[in-house]
file target_25.pdb (PDB, C-alpha atoms and all ligand atoms)
ATOM      1  CA  MET B   1       3.998  -1.416  16.060
ATOM      2  CA  ARG B   2       7.477  -2.469  15.016
ATOM      3  CA  LEU B   3       9.050  -5.902  15.365
ATOM      4  CA  ALA B   4      12.764  -6.315  16.003
ATOM      5  CA  ARG B   5      15.431  -8.810  17.020
ATOM      6  CA  PHE B   6      17.894  -7.737  19.705
ATOM      7  CA  ASP B   7      20.617  -8.772  22.129
ATOM      8  CA  GLY B   8      21.526 -12.006  20.396
ATOM      9  CA  GLY B   9      18.239 -13.069  18.848
ATOM     10  CA  LYS B  10      15.516 -12.052  21.317
ATOM     11  CA  ILE B  11      12.271 -10.943  19.679
ATOM     12  CA  GLY B  12      10.902  -7.519  20.570
ATOM     13  CA  ALA B  13       7.922  -5.279  19.892
ATOM     14  CA  VAL B  14       8.943  -1.621  19.598
ATOM     15  CA  THR B  15       6.609   1.230  20.545
ATOM     16  CA  ASP B  16       7.420   4.770  21.686
ATOM     17  CA  ALA B  17      11.194   4.219  22.007
ATOM     18  CA  GLN B  18      10.645   1.149  24.203
ATOM     19  CA  ILE B  19      11.332  -2.448  23.213
ATOM     20  CA  HIS B  20       9.193  -5.122  24.852
ATOM     21  CA  ASP B  21      10.656  -8.629  25.037
ATOM     22  CA  ILE B  22       8.148 -11.043  23.466
ATOM     23  CA  THR B  23      10.520 -13.968  22.890
ATOM     24  CA  ASP B  24       8.606 -16.195  25.315
ATOM     25  CA  ILE B  25       5.298 -15.534  23.512
ATOM     26  CA  VAL B  26       6.772 -16.610  20.182
ATOM     27  CA  ASP B  27       8.548 -19.643  21.626
ATOM     28  CA  ALA B  28       5.444 -20.785  23.555
ATOM     29  CA  ASP B  29       3.342 -20.548  20.414
ATOM     30  CA  ALA B  30       5.879 -22.581  18.437
ATOM     31  CA  GLY B  31       6.450 -25.083  21.241
ATOM     32  CA  ARG B  32      10.221 -24.657  20.970
ATOM     33  CA  ALA B  33      13.003 -22.256  21.873
ATOM     34  CA  ASP B  34      14.416 -19.837  19.287
ATOM     35  CA  ALA B  35      11.299 -19.979  17.118
ATOM     36  CA  GLY B  36      12.273 -16.673  15.586
ATOM     37  CA  MET B  37      10.864 -13.812  13.549
ATOM     38  CA  VAL B  38       9.618 -15.880  10.609
ATOM     39  CA  HIS B  39       7.381 -17.852  12.973
ATOM     40  CA  LEU B  40       6.070 -14.617  14.500
ATOM     41  CA  LEU B  41       5.299 -13.114  11.082
ATOM     42  CA  ALA B  42       3.559 -16.284   9.888
ATOM     43  CA  ARG B  43       1.452 -16.420  13.076
ATOM     44  CA  TRP B  44       0.914 -12.671  13.550
ATOM     45  CA  GLU B  45      -2.883 -12.784  13.228
ATOM     46  CA  GLN B  46      -3.042 -15.344  16.043
ATOM     47  CA  LEU B  47      -0.416 -13.664  18.255
ATOM     48  CA  GLU B  48      -1.191  -9.968  17.817
ATOM     49  CA  SER B  49      -3.555  -9.637  20.789
ATOM     50  CA  THR B  50      -1.127 -11.394  23.167
ATOM     51  CA  VAL B  51       1.698  -9.132  21.997
ATOM     52  CA  THR B  52      -0.512  -6.043  22.365
ATOM     53  CA  SER B  53      -1.298  -7.013  25.971
ATOM     54  CA  ARG B  54       2.419  -7.480  26.702
ATOM     55  CA  VAL B  55       3.195  -4.049  25.276
ATOM     56  CA  ALA B  56       0.398  -2.448  27.336
ATOM     57  CA  ASP B  57       1.655  -3.855  30.636
ATOM     58  CA  ALA B  58       5.230  -2.602  30.019
ATOM     59  CA  SER B  59       6.753  -5.044  32.516
ATOM     60  CA  HIS B  60       9.155  -6.417  29.876
ATOM     61  CA  ALA B  61      10.154  -3.010  28.459
ATOM     62  CA  THR B  62      13.628  -1.547  27.948
ATOM     63  CA  PRO B  63      14.575   1.695  26.167
ATOM     64  CA  VAL B  64      15.344   0.689  22.598
ATOM     65  CA  ASP B  65      18.537   2.779  22.771
ATOM     66  CA  ALA B  66      19.808   0.457  25.516
ATOM     67  CA  VAL B  67      19.736  -2.731  23.442
ATOM     68  CA  ALA B  68      21.731  -3.965  20.441
ATOM     69  CA  LEU B  69      19.402  -4.445  17.461
ATOM     70  CA  ASP B  70      20.136  -7.512  15.320
ATOM     71  CA  CYS B  71      19.100  -8.326  11.762
ATOM     72  CA  PRO B  72      15.282  -8.477  12.035
ATOM     73  CA  ILE B  73      14.965 -11.470   9.672
ATOM     74  CA  PRO B  74      18.196 -13.484   9.439
ATOM     75  CA  ASP B  75      16.651 -16.512   7.713
ATOM     76  CA  PRO B  76      14.144 -15.751   4.943
ATOM     77  CA  THR B  77      13.813 -18.371   2.210
ATOM     78  CA  LYS B  78      14.779 -15.751  -0.377
ATOM     79  CA  ILE B  79      15.274 -12.078  -1.205
ATOM     80  CA  PRO B  80      13.579 -11.366  -4.549
ATOM     81  CA  SER B  81      15.089  -8.137  -5.863
ATOM     82  CA  ILE B  82      14.035  -5.655  -8.491
ATOM     83  CA  PRO B  83      16.471  -3.898 -10.824
ATOM     84  CA  SER B  84      15.629  -0.749 -12.769
ATOM     85  CA  ASN B  85      12.507   0.461 -10.962
ATOM     86  CA  TYR B  86      13.242   4.233 -10.876
ATOM     87  CA  ARG B  87      13.629   6.099 -14.203
ATOM     88  CA  LYS B  88      16.324   8.542 -13.024
ATOM     89  CA  HIS B  89      18.432   5.637 -11.711
ATOM     90  CA  ILE B  90      18.048   3.802 -15.027
ATOM     91  CA  ALA B  91      19.245   6.986 -16.770
ATOM     92  CA  GLU B  92      22.270   7.434 -14.494
ATOM     93  CA  MET B  93      23.314   3.836 -15.270
ATOM     94  CA  GLY B  94      23.176   4.634 -18.996
ATOM     95  CA  SER B  95      20.439   2.078 -19.527
ATOM     96  CA  GLN B  96      16.924   2.116 -20.900
ATOM     97  CA  LEU B  97      15.556  -1.220 -19.735
ATOM     98  CA  THR B  98      13.078  -1.127 -16.862
ATOM     99  CA  VAL B  99      11.686  -3.676 -14.435
ATOM    100  CA  ALA B 100       9.167  -4.529 -17.172
ATOM    101  CA  GLU B 101      11.999  -5.956 -19.300
ATOM    102  CA  ARG B 102      14.403  -7.089 -16.568
ATOM    103  CA  GLY B 103      11.998  -8.749 -14.108
ATOM    104  CA  VAL B 104      13.365 -10.116 -10.838
ATOM    105  CA  PHE B 105      16.647 -11.599  -9.555
ATOM    106  CA  LEU B 106      17.580 -13.173  -6.219
ATOM    107  CA  LYS B 107      19.976 -12.031  -3.511
ATOM    108  CA  ALA B 108      21.385 -14.722  -1.232
ATOM    109  CA  PRO B 109      19.885 -14.735   2.295
ATOM    110  CA  SER B 110      23.466 -15.262   3.563
ATOM    111  CA  SER B 111      24.181 -11.650   2.519
ATOM    112  CA  LEU B 112      21.870 -10.288   5.265
ATOM    113  CA  VAL B 113      23.140  -8.251   8.210
ATOM    114  CA  GLY B 114      21.380  -5.951  10.646
ATOM    115  CA  PRO B 115      22.053  -2.627  12.367
ATOM    116  CA  ASP B 116      24.824  -4.367  14.314
ATOM    117  CA  GLY B 117      26.602  -5.395  11.103
ATOM    118  CA  VAL B 118      29.463  -3.990   9.034
ATOM    119  CA  ILE B 119      29.472  -3.857   5.221
ATOM    120  CA  ARG B 120      32.657  -5.602   4.086
ATOM    121  CA  LEU B 121      34.095  -4.626   0.717
ATOM    122  CA  PRO B 122      35.430  -7.742  -1.067
ATOM    123  CA  TYR B 123      37.715  -6.189  -3.684
ATOM    124  CA  SER B 124      40.205  -3.334  -3.755
ATOM    125  CA  ASP B 125      40.011  -3.008  -7.540
ATOM    126  CA  ARG B 126      36.250  -3.084  -8.124
ATOM    127  CA  ARG B 127      33.683  -0.356  -7.492
ATOM    128  CA  THR B 128      31.121  -1.203  -4.804
ATOM    129  CA  ASP B 129      27.986   0.988  -4.537
ATOM    130  CA  HIS B 130      25.228   1.743  -2.058
ATOM    131  CA  GLU B 131      21.621   1.291  -3.220
ATOM    132  CA  ALA B 132      18.988   2.359  -0.657
ATOM    133  CA  GLU B 133      15.672   0.553  -1.132
ATOM    134  CA  LEU B 134      12.284  -0.067   0.465
ATOM    135  CA  GLY B 135      12.139  -3.669   1.709
ATOM    136  CA  VAL B 136       8.716  -5.355   1.615
ATOM    137  CA  VAL B 137       8.316  -8.179   4.146
ATOM    138  CA  ILE B 138       5.868 -10.946   3.230
ATOM    139  CA  GLY B 139       3.494 -12.200   5.953
ATOM    140  CA  ARG B 140       1.791 -15.211   4.378
ATOM    141  CA  ARG B 141       2.374 -17.631   1.546
ATOM    142  CA  ALA B 142       1.751 -15.907  -1.788
ATOM    143  CA  SER B 143       1.498 -17.493  -5.209
ATOM    144  CA  HIS B 144      -0.027 -15.895  -8.330
ATOM    145  CA  VAL B 145      -1.410 -13.026  -6.283
ATOM    146  CA  SER B 146      -3.709 -10.504  -7.971
ATOM    147  CA  LEU B 147      -3.010  -6.793  -7.922
ATOM    148  CA  ASP B 148      -6.074  -6.099  -5.771
ATOM    149  CA  GLU B 149      -5.077  -8.563  -3.061
ATOM    150  CA  ALA B 150      -1.321  -8.001  -3.132
ATOM    151  CA  LEU B 151      -1.008  -5.706  -0.101
ATOM    152  CA  SER B 152      -2.892  -8.188   2.092
ATOM    153  CA  TYR B 153       0.190 -10.461   1.839
ATOM    154  CA  VAL B 154       2.501  -7.824   3.314
ATOM    155  CA  ALA B 155       3.516  -8.105   6.980
ATOM    156  CA  GLY B 156       5.475  -4.870   6.997
ATOM    157  CA  TYR B 157       8.325  -2.787   5.663
ATOM    158  CA  THR B 158      11.988  -2.209   6.421
ATOM    159  CA  CYS B 159      14.997  -0.243   5.199
ATOM    160  CA  LEU B 160      17.232  -2.283   2.884
ATOM    161  CA  PHE B 161      20.613  -1.644   1.291
ATOM    162  CA  ASP B 162      21.258  -3.565  -1.930
ATOM    163  CA  VAL B 163      25.067  -3.288  -1.867
ATOM    164  CA  THR B 164      26.455  -3.946  -5.337
ATOM    165  CA  VAL B 165      29.797  -4.604  -7.025
ATOM    166  CA  ARG B 166      29.576  -2.887 -10.433
ATOM    167  CA  GLY B 167      30.446  -4.958 -13.481
ATOM    168  CA  GLN B 168      29.175  -7.441 -15.996
ATOM    169  CA  GLU B 169      28.669 -10.542 -13.857
ATOM    170  CA  GLU B 170      25.129 -11.700 -13.073
ATOM    171  CA  ARG B 171      23.371  -9.488 -10.521
ATOM    172  CA  SER B 172      22.871 -12.386  -8.132
ATOM    173  CA  MET B 173      26.653 -12.718  -7.898
ATOM    174  CA  ARG B 174      27.557  -9.032  -7.660
ATOM    175  CA  LYS B 175      24.895  -8.370  -4.986
ATOM    176  CA  SER B 176      25.209 -11.494  -2.818
ATOM    177  CA  PHE B 177      28.560 -11.103  -1.077
ATOM    178  CA  ASP B 178      28.311 -11.649   2.677
ATOM    179  CA  THR B 179      27.105  -8.413   4.390
ATOM    180  CA  PHE B 180      25.700  -6.993   1.092
ATOM    181  CA  THR B 181      22.077  -6.871   2.301
ATOM    182  CA  PRO B 182      21.745  -4.798   5.478
ATOM    183  CA  ILE B 183      18.116  -4.543   6.666
ATOM    184  CA  GLY B 184      16.439  -2.936   9.649
ATOM    185  CA  PRO B 185      16.465  -1.449  12.124
ATOM    186  CA  TRP B 186      13.127  -3.300  12.503
ATOM    187  CA  ILE B 187       9.989  -4.278  10.591
ATOM    188  CA  THR B 188       7.316  -1.586  10.704
ATOM    189  CA  LEU B 189       4.004  -3.418  10.495
ATOM    190  CA  ALA B 190       1.840  -2.757   7.464
ATOM    191  CA  ASP B 191      -1.022  -1.191   9.432
ATOM    192  CA  GLU B 192       1.271   1.783  10.202
ATOM    193  CA  ILE B 193       1.863   2.499   6.505
ATOM    194  CA  ASP B 194      -1.203   3.802   4.658
ATOM    195  CA  ASP B 195       0.489   3.878   1.275
ATOM    196  CA  PRO B 196       3.876   2.189   0.715
ATOM    197  CA  ASP B 197       3.959   3.829  -2.698
ATOM    198  CA  ASP B 198       4.270   7.332  -1.288
ATOM    199  CA  LEU B 199       7.151   7.365   1.190
ATOM    200  CA  ALA B 200      10.239   9.592   1.285
ATOM    201  CA  ILE B 201      13.483   7.589   0.993
ATOM    202  CA  GLU B 202      16.946   9.039   1.622
ATOM    203  CA  CYS B 203      20.518   7.795   1.776
ATOM    204  CA  HIS B 204      23.443   9.633   3.370
ATOM    205  CA  VAL B 205      27.143   8.793   3.170
ATOM    206  CA  ASN B 206      29.204  10.383   5.954
ATOM    207  CA  GLY B 207      26.323  12.753   6.633
ATOM    208  CA  GLU B 208      26.064  13.973   3.026
ATOM    209  CA  VAL B 209      22.831  13.286   1.138
ATOM    210  CA  ARG B 210      23.368  11.000  -1.869
ATOM    211  CA  GLN B 211      19.905   9.631  -2.643
ATOM    212  CA  SER B 212      16.630  11.451  -2.040
ATOM    213  CA  SER B 213      13.398  10.375  -3.672
ATOM    214  CA  ARG B 214       9.946   8.989  -3.009
ATOM    215  CA  THR B 215       8.589   5.500  -3.571
ATOM    216  CA  SER B 216       5.922   7.161  -5.741
ATOM    217  CA  GLU B 217       8.716   7.358  -8.352
ATOM    218  CA  MET B 218       8.804   3.566  -8.648
ATOM    219  CA  ILE B 219       7.832   2.275 -12.119
ATOM    220  CA  TYR B 220       6.188  -0.830 -10.614
ATOM    221  CA  SER B 221       4.301  -0.157  -7.378
ATOM    222  CA  VAL B 222       4.491  -2.488  -4.373
ATOM    223  CA  PRO B 223       1.303  -4.361  -5.450
ATOM    224  CA  GLN B 224       2.643  -4.707  -9.002
ATOM    225  CA  LEU B 225       5.927  -6.095  -7.678
ATOM    226  CA  ILE B 226       4.130  -8.684  -5.542
ATOM    227  CA  GLU B 227       2.028  -9.675  -8.561
ATOM    228  CA  LEU B 228       5.168  -9.970 -10.714
ATOM    229  CA  VAL B 229       7.286 -11.918  -8.240
ATOM    230  CA  SER B 230       4.522 -14.228  -6.983
ATOM    231  CA  ALA B 231       3.756 -15.209 -10.582
ATOM    232  CA  VAL B 232       7.259 -16.711 -10.722
ATOM    233  CA  MET B 233       8.070 -18.002  -7.230
ATOM    234  CA  THR B 234       5.948 -18.783  -4.178
ATOM    235  CA  LEU B 235       6.638 -16.158  -1.525
ATOM    236  CA  GLU B 236       6.900 -17.385   2.064
ATOM    237  CA  PRO B 237       6.474 -15.507   5.365
ATOM    238  CA  GLY B 238       9.661 -13.565   6.054
ATOM    239  CA  ASP B 239      10.710 -13.261   2.425
ATOM    240  CA  ILE B 240      11.886  -9.733   1.655
ATOM    241  CA  ILE B 241      11.370  -8.000  -1.689
ATOM    242  CA  ALA B 242      14.017  -5.368  -2.511
ATOM    243  CA  THR B 243      12.016  -2.870  -4.558
ATOM    244  CA  GLY B 244      14.773  -1.077  -6.473
ATOM    245  CA  THR B 245      16.820   2.041  -5.848
ATOM    246  CA  PRO B 246      16.364   5.693  -6.846
ATOM    247  CA  GLN B 247      19.006   7.886  -8.477
ATOM    248  CA  GLY B 248      22.172   8.936  -6.685
ATOM    249  CA  VAL B 249      23.970   5.617  -6.252
ATOM    250  CA  GLY B 250      27.712   5.869  -5.798
ATOM    251  CA  PRO B 251      30.811   4.120  -4.504
ATOM    252  CA  ILE B 252      31.472   3.418  -0.839
ATOM    253  CA  THR B 253      34.884   3.015   0.726
ATOM    254  CA  ASP B 254      36.677   1.963   3.882
ATOM    255  CA  GLY B 255      35.460   3.822   6.965
ATOM    256  CA  ASP B 256      32.338   5.306   5.399
ATOM    257  CA  THR B 257      29.200   5.636   7.485
ATOM    258  CA  LEU B 258      26.178   4.684   5.423
ATOM    259  CA  SER B 259      22.740   5.737   6.593
ATOM    260  CA  MET B 260      19.298   5.439   5.040
ATOM    261  CA  SER B 261      15.878   6.485   6.221
ATOM    262  CA  ILE B 262      12.373   5.834   4.984
ATOM    263  CA  GLU B 263       9.491   7.966   6.164
ATOM    264  CA  ARG B 264       7.494   6.329   9.011
ATOM    265  CA  ILE B 265       9.683   3.194   8.858
ATOM    266  CA  GLY B 266      12.992   4.153  10.420
ATOM    267  CA  ARG B 267      16.689   4.792   9.934
ATOM    268  CA  LEU B 268      19.372   2.160   9.299
ATOM    269  CA  GLU B 269      23.042   3.035   9.783
ATOM    270  CA  LEU B 270      26.171   0.923   9.244
ATOM    271  CA  THR B 271      29.851   1.403   8.648
ATOM    272  CA  VAL B 272      31.899   0.132   5.723
ATOM    273  CA  SER B 273      35.150  -1.819   6.104
ATOM    274  CA  ALA B 274      37.842  -2.865   3.640
ATOM    275  CA  ASP B 275      39.363  -5.190   6.207
ATOM    276  CA  GLY B 276      40.502  -8.351   4.426
ATOM    277  CA  TRP B 277      39.736  -7.178   0.904
ATOM    278  CA  THR B 278      41.767  -8.564  -2.013
ATOM    279  CA  THR B 279      42.186  -7.901  -5.694
ATOM    280  CA  CYS B 280      39.381  -9.463  -7.685
ATOM    281  CA  PRO B 281      40.425 -12.880  -9.045
ATOM    282  CA  PHE B 282      38.170 -12.614 -12.103
ATOM    283  CA  ASN B 283      37.275  -9.902 -14.657
ATOM    284  CA  PRO B 284      39.872  -7.455 -13.283
TER
HETATM  285 MN    MN R   1      19.039  -2.636  -6.217
END
call {"tool": "encode", "arguments": {"input": "target_25.pdb", "output": "structure tokens"}}
result
Amino acid sequence: MRLARFDGGKIGAVTDAQIHDITDIVDADAGRADAGMVHLLARWEQLESTVTSRVADASHATPVDAVALDCPIPDPTKIPSIPSNYRKHIAEMGSQLTVAERGVFLKAPSSLVGPDGVIRLPYSDRRTDHEAELGVVIGRRASHVSLDEALSYVAGYTCLFDVTVRGQEERSMRKSFDTFTPIGPWITLADEIDDPDDLAIECHVNGEVRQSSRTSEMIYSVPQLIELVSAVMTLEPGDIIATGTPQGVGPITDGDTLSMSIERIGRLELTVSADGWTTCPFNP
């Protein structure tokens, strides 16, 4: 099953090209309106059977093509992000340091957008790149998690673009502009993914393949990343780990169509706009 947000913040369960409205189930469980995806993820064990019954009866179903998908998680507490987790990407950046030396940085949750979003380039005189990544969505609070137990903290997986202004500033700055973290089109629940460390990942710009790899090429696996990050910061339901990008990153420009797909998870497509961009006021 896949979980999505649609048509202005409704919650949906996606199966077989249908989306089933489950907003009322989530709100009733929370005892308030607009409880949201983080509540659903945190309470999934308790709510799964009710959602499964709703999906089986199909009375609240709409073709997924007929709705507008929103950002599946607009309000995580944080987006821990991994630099330098694929050797061929490290080489193309002219670097040698890996995740083992660089560790983790944070992207601002305010940089999130969904399939309905547009990537907005901030500066006309700085290079901005696409980085297609596997996003790991946390399902329950995780602190100092062991390697063996790490995957039991995962709710599911999503496509994630770590859009990046190249340069010398801190990563958290260059990767946190508004619209710089598209995710979606939904969260594919963990029970649909036997091995997150063996999935094909691809990125196309204007229909041309730019990145093509497998998550088996990651230096730190998904369990290792959860162990690493949870040793530093407590992970909360809805937090999204950006797991690093494979080789083939490159600049994006006004009017580009950016598309990424991950095997068994889905395809996320957005356009790029230079509307309102300026020259960079620092480090020109
Ligand atoms: Mn990245």
call {"tool": "resolve_selection", "arguments": {"input": "target_25.pdb", "expression": "the PyMOL selection byres (((chain B and resi 240-252) around 6) and not hetatm)", "output": "MDAnalysis selection string"}}
result
chainID B and resid 79:83 85:86 88:89 128:137 210:211 239 253
call {"tool": "residues_around", "arguments": {"input": "target_25.pdb", "residues": "B:Tyr220", "least_positions_apart": "4", "cutoff": "8 Å", "atoms": "all atoms listed in the file", "output": "JSON, numbers by chain"}}
result
{"B": [85, 99, 224, 225]}
call {"tool": "residues_near_point", "arguments": {"input": "target_25.pdb", "point": "(18.1, -13.2, -7.4)", "cutoff": "10 Å", "atoms": "only C-alpha atoms", "output": "JSON, numbers by chain"}}
result
{"B": [78, 79, 80, 81, 82, 104, 105, 106, 107, 108, 109, 170, 171, 172, 173, 175, 176]}
call {"tool": "closest_residue", "arguments": {"input": "target_25.pdb", "among": "B:Asp21, B:Leu268, B:Asp162, B:Leu199", "to": "ligand MN 1 (chain R)", "atoms": "only C-alpha atoms and all ligand atoms"}}
result
B:Asp162
call {"tool": "closest_residue", "arguments": {"input": "target_25.pdb", "among": "B:Val232, B:Ser261, B:Thr181, B:Ser273", "to": "ligand MN 1 (chain R)", "atoms": "all atoms listed in the file"}}
result
B:Thr181
call {"tool": "atom_distance", "arguments": {"input": "target_25.pdb", "atom1": "atom CA of B:Leu235", "atom2": "atom CA of B:Val55"}}
result
29.6 Å
call {"tool": "residues_around", "arguments": {"input": "target_25.pdb", "residues": "B:Thr188", "least_positions_apart": "4", "cutoff": "12 Å", "atoms": "all atoms listed in the file", "output": "number ranges by chain"}}
result
B: 1-4, 13-15, 41, 72, 134-137, 154-159, 183-184, 192-194, 196, 262-267
call {"tool": "closest_residue", "arguments": {"input": "target_25.pdb", "among": "B:Leu121, B:Val51, B:Ala42, B:Leu160", "to": "ligand MN 1 (chain R)", "atoms": "all atoms listed in the file"}}
result
B:Leu160
call {"tool": "closest_residue", "arguments": {"input": "target_25.pdb", "among": "B:Thr164, B:His39, B:Asp148, B:Glu101", "to": "ligand MN 1 (chain R)", "atoms": "only C-alpha atoms and all ligand atoms"}}
result
B:Thr164
call {"tool": "resolve_selection", "arguments": {"input": "target_25.pdb", "expression": "the PyMOL selection byres (((chain B and resi 23-33) around 12) and not hetatm)", "output": "ChimeraX atom specification"}}
result
/B:3-13,19-22,34-44,46-55,60
call {"tool": "resolve_selection", "arguments": {"input": "target_25.pdb", "expression": "the PyMOL selection byres (((chain B and resi 254-259) around 6) and not hetatm)", "output": "list of chain:residue names"}}
result
B:Cys203, B:His204, B:Val205, B:Asn206, B:Thr253, B:Met260, B:Leu268, B:Glu269, B:Leu270, B:Thr271, B:Val272, B:Ser273, B:Ala274
call {"tool": "residues_around", "arguments": {"input": "target_25.pdb", "residues": "B:Thr279", "least_positions_apart": "4", "cutoff": "7 Å", "atoms": "all atoms listed in the file", "output": "NGL selection string"}}
result
:B and (123-125)
call {"tool": "closest_residue", "arguments": {"input": "target_25.pdb", "among": "B:Ala190, B:Leu151, B:Ile119, B:Met93", "to": "ligand MN 1 (chain R)", "atoms": "only C-alpha atoms and all ligand atoms"}}
result
B:Met93
call {"tool": "build_atoms", "arguments": {"input": "target_25.pdb", "residues": "stretch 1-18 of chain B", "atoms": "N, CA, C and O atoms", "output": "PDB file, keeping the file's coordinate frame"}}
result
ATOM      1  N   MET B   1       3.004  -0.653  15.305  1.00  0.00           N
ATOM      2  CA  MET B   1       3.998  -1.416  16.060  1.00  0.00           C
ATOM      3  C   MET B   1       5.131  -1.852  15.135  1.00  0.00           C
ATOM      4  O   MET B   1       4.946  -1.986  13.937  1.00  0.00           O
ATOM      5  N   ARG B   2       6.301  -2.035  15.760  1.00  0.00           N
ATOM      6  CA  ARG B   2       7.477  -2.469  15.016  1.00  0.00           C
ATOM      7  C   ARG B   2       8.000  -3.738  15.665  1.00  0.00           C
ATOM      8  O   ARG B   2       7.921  -3.874  16.891  1.00  0.00           O
ATOM      9  N   LEU B   3       8.500  -4.647  14.855  1.00  0.00           N
ATOM     10  CA  LEU B   3       9.050  -5.902  15.365  1.00  0.00           C
ATOM     11  C   LEU B   3      10.551  -5.935  15.104  1.00  0.00           C
ATOM     12  O   LEU B   3      10.998  -5.605  14.003  1.00  0.00           O
ATOM     13  N   ALA B   4      11.302  -6.345  16.115  1.00  0.00           N
ATOM     14  CA  ALA B   4      12.764  -6.315  16.003  1.00  0.00           C
ATOM     15  C   ALA B   4      13.363  -7.572  16.614  1.00  0.00           C
ATOM     16  O   ALA B   4      12.698  -8.309  17.354  1.00  0.00           O
ATOM     17  N   ARG B   5      14.621  -7.822  16.295  1.00  0.00           N
ATOM     18  CA  ARG B   5      15.431  -8.810  17.020  1.00  0.00           C
ATOM     19  C   ARG B   5      16.553  -8.047  17.720  1.00  0.00           C
ATOM     20  O   ARG B   5      17.071  -7.056  17.198  1.00  0.00           O
ATOM     21  N   PHE B   6      16.914  -8.494  18.927  1.00  0.00           N
ATOM     22  CA  PHE B   6      17.894  -7.737  19.705  1.00  0.00           C
ATOM     23  C   PHE B   6      18.646  -8.624  20.679  1.00  0.00           C
ATOM     24  O   PHE B   6      18.204  -9.740  21.010  1.00  0.00           O
ATOM     25  N   ASP B   7      19.799  -8.136  21.094  1.00  0.00           N
ATOM     26  CA  ASP B   7      20.617  -8.772  22.129  1.00  0.00           C
ATOM     27  C   ASP B   7      20.807 -10.274  21.894  1.00  0.00           C
ATOM     28  O   ASP B   7      20.573 -11.091  22.795  1.00  0.00           O
ATOM     29  N   GLY B   8      21.214 -10.618  20.686  1.00  0.00           N
ATOM     30  CA  GLY B   8      21.526 -12.006  20.396  1.00  0.00           C
ATOM     31  C   GLY B   8      20.330 -12.862  20.064  1.00  0.00           C
ATOM     32  O   GLY B   8      20.306 -14.055  20.392  1.00  0.00           O
ATOM     33  N   GLY B   9      19.326 -12.273  19.412  1.00  0.00           N
ATOM     34  CA  GLY B   9      18.239 -13.069  18.848  1.00  0.00           C
ATOM     35  C   GLY B   9      16.941 -13.067  19.629  1.00  0.00           C
ATOM     36  O   GLY B   9      16.024 -13.808  19.295  1.00  0.00           O
ATOM     37  N   LYS B  10      16.824 -12.224  20.668  1.00  0.00           N
ATOM     38  CA  LYS B  10      15.516 -12.052  21.317  1.00  0.00           C
ATOM     39  C   LYS B  10      14.575 -11.352  20.341  1.00  0.00           C
ATOM     40  O   LYS B  10      15.007 -10.569  19.492  1.00  0.00           O
ATOM     41  N   ILE B  11      13.266 -11.607  20.514  1.00  0.00           N
ATOM     42  CA  ILE B  11      12.271 -10.943  19.679  1.00  0.00           C
ATOM     43  C   ILE B  11      11.628  -9.824  20.488  1.00  0.00           C
ATOM     44  O   ILE B  11      11.284 -10.027  21.661  1.00  0.00           O
ATOM     45  N   GLY B  12      11.467  -8.658  19.857  1.00  0.00           N
ATOM     46  CA  GLY B  12      10.902  -7.519  20.570  1.00  0.00           C
ATOM     47  C   GLY B  12       9.849  -6.801  19.768  1.00  0.00           C
ATOM     48  O   GLY B  12       9.862  -6.809  18.534  1.00  0.00           O
ATOM     49  N   ALA B  13       8.905  -6.186  20.493  1.00  0.00           N
ATOM     50  CA  ALA B  13       7.922  -5.279  19.892  1.00  0.00           C
ATOM     51  C   ALA B  13       8.318  -3.865  20.305  1.00  0.00           C
ATOM     52  O   ALA B  13       8.490  -3.587  21.499  1.00  0.00           O
ATOM     53  N   VAL B  14       8.467  -2.975  19.333  1.00  0.00           N
ATOM     54  CA  VAL B  14       8.943  -1.621  19.598  1.00  0.00           C
ATOM     55  C   VAL B  14       7.782  -0.638  19.481  1.00  0.00           C
ATOM     56  O   VAL B  14       7.084  -0.599  18.467  1.00  0.00           O
ATOM     57  N   THR B  15       7.572   0.122  20.572  1.00  0.00           N
ATOM     58  CA  THR B  15       6.609   1.230  20.545  1.00  0.00           C
ATOM     59  C   THR B  15       7.175   2.361  21.391  1.00  0.00           C
ATOM     60  O   THR B  15       7.724   2.117  22.463  1.00  0.00           O
ATOM     61  N   ASP B  16       7.043   3.586  20.903  1.00  0.00           N
ATOM     62  CA  ASP B  16       7.420   4.770  21.686  1.00  0.00           C
ATOM     63  C   ASP B  16       8.801   4.656  22.329  1.00  0.00           C
ATOM     64  O   ASP B  16       8.962   4.888  23.543  1.00  0.00           O
ATOM     65  N   ALA B  17       9.797   4.280  21.542  1.00  0.00           N
ATOM     66  CA  ALA B  17      11.194   4.219  22.007  1.00  0.00           C
ATOM     67  C   ALA B  17      11.449   3.161  23.066  1.00  0.00           C
ATOM     68  O   ALA B  17      12.502   3.143  23.696  1.00  0.00           O
ATOM     69  N   GLN B  18      10.456   2.274  23.284  1.00  0.00           N
ATOM     70  CA  GLN B  18      10.645   1.149  24.203  1.00  0.00           C
ATOM     71  C   GLN B  18      10.623  -0.149  23.398  1.00  0.00           C
ATOM     72  O   GLN B  18       9.868  -0.271  22.425  1.00  0.00           O
TER      73      GLN B  18
END
